[in-house]
Amino acid sequence: MPQAAENIEVGVETATSRGWLYEVTVTTRGTSTSHDIALSWHDHDYWCGGALAPSRLVERLLGLLTRHLGKGSMPATLPARFDCATARRWLPEIDDLLREGPMGAA
């Protein structure tokens, strides 16, 4: 059964020509995995209108994705490298989920 991440550590941030690239460590059930995650300026603006720092949006997105791993179109594990926009194919309701509740909540 999927379990939300116990810890999401957003590490090194690198500016790219389209947005940002993050080195992220996700810990679930005591096991850590590393991921390179891209976030475009467009998706950052679309999802939060600048209300959250890009790194905080990545953290929030990963928190939601880990709660849905293995359900529907979601893979059972997160790939080592992906773009945040891919989340829309995995979890079509991600736009609504990201906008629910206060922007500071995970």
# chains A, B, ... in the order shown; residues from 1 in each chain; ligands from 1
>>> select_by_dssp(residues="range 8-96 of chain A", states="helix (DSSP H, G or I)", output="PyMOL selection string")
chain A and resi 41-48+54-67+84-90+94-96
>>> write_last_selection(atoms="C-alpha atoms", output="short mmCIF file (atom, residue, chain, number, x, y, z; two decimals), in the first residue's frame")
data_model
loop_
_atom_site.label_atom_id
_atom_site.label_comp_id
_atom_site.auth_asym_id
_atom_site.auth_seq_id
_atom_site.Cartn_x
_atom_site.Cartn_y
_atom_site.Cartn_z
CA TRP A 41 8.73 28.84 -14.69
CA HIS A 42 5.42 28.24 -16.45
CA ASP A 43 4.36 25.41 -14.12
CA HIS A 44 5.50 27.33 -11.05
CA ASP A 45 3.37 30.29 -12.04
CA TYR A 46 0.42 28.10 -13.07
CA TRP A 47 0.36 26.08 -9.84
CA CYS A 48 0.95 28.81 -7.27
CA PRO A 54 9.93 27.01 -6.31
CA SER A 55 11.67 24.61 -3.92
CA ARG A 56 8.64 24.61 -1.62
CA LEU A 57 6.34 23.85 -4.56
CA VAL A 58 8.54 20.87 -5.51
CA GLU A 59 8.34 19.64 -1.91
CA ARG A 60 4.54 20.01 -1.88
CA LEU A 61 4.18 18.26 -5.24
CA LEU A 62 6.32 15.33 -4.10
CA GLY A 63 4.31 15.02 -0.90
CA LEU A 64 1.15 14.65 -2.97
CA LEU A 65 2.72 12.26 -5.48
CA THR A 66 4.07 9.91 -2.81
CA ARG A 67 0.57 9.60 -1.34
CA CYS A 84 7.08 18.27 -12.60
CA ALA A 85 4.73 18.61 -15.58
CA THR A 86 4.82 14.80 -15.88
CA ALA A 87 2.76 14.72 -12.69
CA ARG A 88 -0.28 15.74 -14.75
CA ARG A 89 -0.11 12.48 -16.73
CA TRP A 90 0.37 10.41 -13.60
CA ILE A 94 -2.71 17.30 -9.39
CA ASP A 95 -3.63 20.85 -10.45
CA ASP A 96 -6.61 20.87 -8.09
#
>>> atom_distance(atom1="CA of Ala53 in chain A", atom2="CA of Glu13 in chain A")
11.5 Å
>>> residues_around(residues="range 21-33 of chain A", least_positions_apart="4", cutoff="8 Å", atoms="only C-alpha atoms", output="MDAnalysis selection string")
chainID A and resid 3:16 37:39 55 80
>>> select_by_dssp(residues="chain A", states="strand (DSSP E)", output="PyMOL selection string")
chain A and resi 7-15+19-28+31-40+81-83
>>> write_last_selection(atoms="N, CA and C atoms", output="compact mmCIF listing (two decimals), in the first residue's frame")
# COMPACT_ATOMS: atom_id res chain seq x y z
N ASN A 7 10.02 11.94 4.74
CA ASN A 7 10.86 13.13 4.65
C ASN A 7 11.15 13.43 3.18
N ILE A 8 11.05 14.68 2.82
CA ILE A 8 11.41 15.14 1.48
C ILE A 8 12.44 16.24 1.67
N GLU A 9 13.65 15.99 1.20
CA GLU A 9 14.72 16.97 1.35
C GLU A 9 15.06 17.54 -0.02
N VAL A 10 14.71 18.80 -0.21
CA VAL A 10 15.03 19.49 -1.46
C VAL A 10 16.41 20.09 -1.28
N GLY A 11 17.36 19.57 -2.05
CA GLY A 11 18.75 19.98 -1.90
C GLY A 11 19.15 21.06 -2.89
N VAL A 12 20.17 20.78 -3.65
CA VAL A 12 20.77 21.75 -4.57
C VAL A 12 19.76 22.21 -5.61
N GLU A 13 19.70 23.54 -5.79
CA GLU A 13 18.86 24.16 -6.80
C GLU A 13 19.77 24.72 -7.88
N THR A 14 19.46 24.38 -9.14
CA THR A 14 20.23 24.90 -10.27
C THR A 14 19.28 25.61 -11.21
N ALA A 15 19.60 26.87 -11.54
CA ALA A 15 18.79 27.61 -12.51
C ALA A 15 19.06 27.05 -13.91
N GLY A 19 13.71 27.20 -16.08
CA GLY A 19 13.22 27.18 -14.70
C GLY A 19 14.29 26.73 -13.74
N TRP A 20 14.04 25.60 -13.05
CA TRP A 20 14.96 25.12 -12.03
C TRP A 20 15.10 23.61 -12.10
N LEU A 21 16.24 23.12 -11.63
CA LEU A 21 16.48 21.69 -11.48
C LEU A 21 16.86 21.47 -10.02
N TYR A 22 16.23 20.49 -9.38
CA TYR A 22 16.47 20.21 -7.97
C TYR A 22 16.99 18.80 -7.77
N GLU A 23 17.93 18.67 -6.85
CA GLU A 23 18.38 17.37 -6.37
C GLU A 23 17.58 17.11 -5.10
N VAL A 24 16.77 16.05 -5.11
CA VAL A 24 15.84 15.78 -4.02
C VAL A 24 16.05 14.37 -3.48
N THR A 25 15.94 14.23 -2.17
CA THR A 25 15.98 12.93 -1.52
C THR A 25 14.63 12.69 -0.86
N VAL A 26 14.01 11.55 -1.18
CA VAL A 26 12.72 11.18 -0.62
C VAL A 26 12.92 9.95 0.24
N THR A 27 12.47 10.02 1.50
CA THR A 27 12.59 8.89 2.41
C THR A 27 11.19 8.38 2.74
N THR A 28 10.99 7.08 2.48
CA THR A 28 9.74 6.40 2.78
C THR A 28 10.06 5.05 3.39
N THR A 31 13.69 4.04 3.71
CA THR A 31 14.49 3.91 2.50
C THR A 31 14.52 5.24 1.77
N SER A 32 15.72 5.69 1.41
CA SER A 32 15.88 6.96 0.71
C SER A 32 16.17 6.73 -0.77
N THR A 33 15.56 7.58 -1.60
CA THR A 33 15.82 7.56 -3.04
C THR A 33 16.18 8.98 -3.47
N SER A 34 17.01 9.07 -4.50
CA SER A 34 17.45 10.38 -5.01
C SER A 34 16.80 10.64 -6.36
N HIS A 35 16.44 11.91 -6.57
CA HIS A 35 15.74 12.29 -7.79
C HIS A 35 16.24 13.66 -8.26
N ASP A 36 16.34 13.81 -9.58
CA ASP A 36 16.58 15.12 -10.20
C ASP A 36 15.25 15.55 -10.78
N ILE A 37 14.74 16.68 -10.30
CA ILE A 37 13.39 17.10 -10.66
C ILE A 37 13.43 18.51 -11.25
N ALA A 38 12.88 18.62 -12.45
CA ALA A 38 12.83 19.91 -13.14
C ALA A 38 11.47 20.57 -12.90
N LEU A 39 11.49 21.88 -12.69
CA LEU A 39 10.27 22.68 -12.56
C LEU A 39 10.42 23.88 -13.48
N SER A 40 9.47 24.05 -14.40
CA SER A 40 9.52 25.20 -15.32
C SER A 40 8.92 26.43 -14.66
N ARG A 81 14.70 10.72 -12.53
CA ARG A 81 14.70 12.06 -13.12
C ARG A 81 13.36 12.29 -13.81
N PHE A 82 12.73 13.43 -13.51
CA PHE A 82 11.48 13.76 -14.20
C PHE A 82 11.20 15.25 -14.09
N ASP A 83 10.30 15.71 -14.94
CA ASP A 83 9.83 17.09 -14.94
C ASP A 83 8.51 17.13 -14.17
>>> atom_distance(atom1="CA of Leu97 in chain A", atom2="CA of Leu78 in chain A")
18.3 Å
>>> atom_distance(atom1="CA of Pro75 in chain A", atom2="CA of Glu100 in chain A")
23.0 Å
>>> decode(residues="range 16-29 of chain A", atoms="C-alpha atoms", output="PDB file, in the first residue's frame")
ATOM      1  CA  THR A  16      18.106  26.442 -16.064  1.00  0.00           C
ATOM      2  CA  SER A  17      17.009  28.234 -19.211  1.00  0.00           C
ATOM      3  CA  ARG A  18      13.389  27.169 -18.508  1.00  0.00           C
ATOM      4  CA  GLY A  19      13.216  27.183 -14.702  1.00  0.00           C
ATOM      5  CA  TRP A  20      14.962  25.123 -12.029  1.00  0.00           C
ATOM      6  CA  LEU A  21      16.477  21.692 -11.475  1.00  0.00           C
ATOM      7  CA  TYR A  22      16.473  20.213  -7.965  1.00  0.00           C
ATOM      8  CA  GLU A  23      18.375  17.371  -6.373  1.00  0.00           C
ATOM      9  CA  VAL A  24      15.836  15.780  -4.021  1.00  0.00           C
ATOM     10  CA  THR A  25      15.978  12.927  -1.523  1.00  0.00           C
ATOM     11  CA  VAL A  26      12.719  11.181  -0.622  1.00  0.00           C
ATOM     12  CA  THR A  27      12.587   8.888   2.410  1.00  0.00           C
ATOM     13  CA  THR A  28       9.737   6.404   2.781  1.00  0.00           C
ATOM     14  CA  ARG A  29       9.683   3.488   5.215  1.00  0.00           C
TER      15      ARG A  29
END
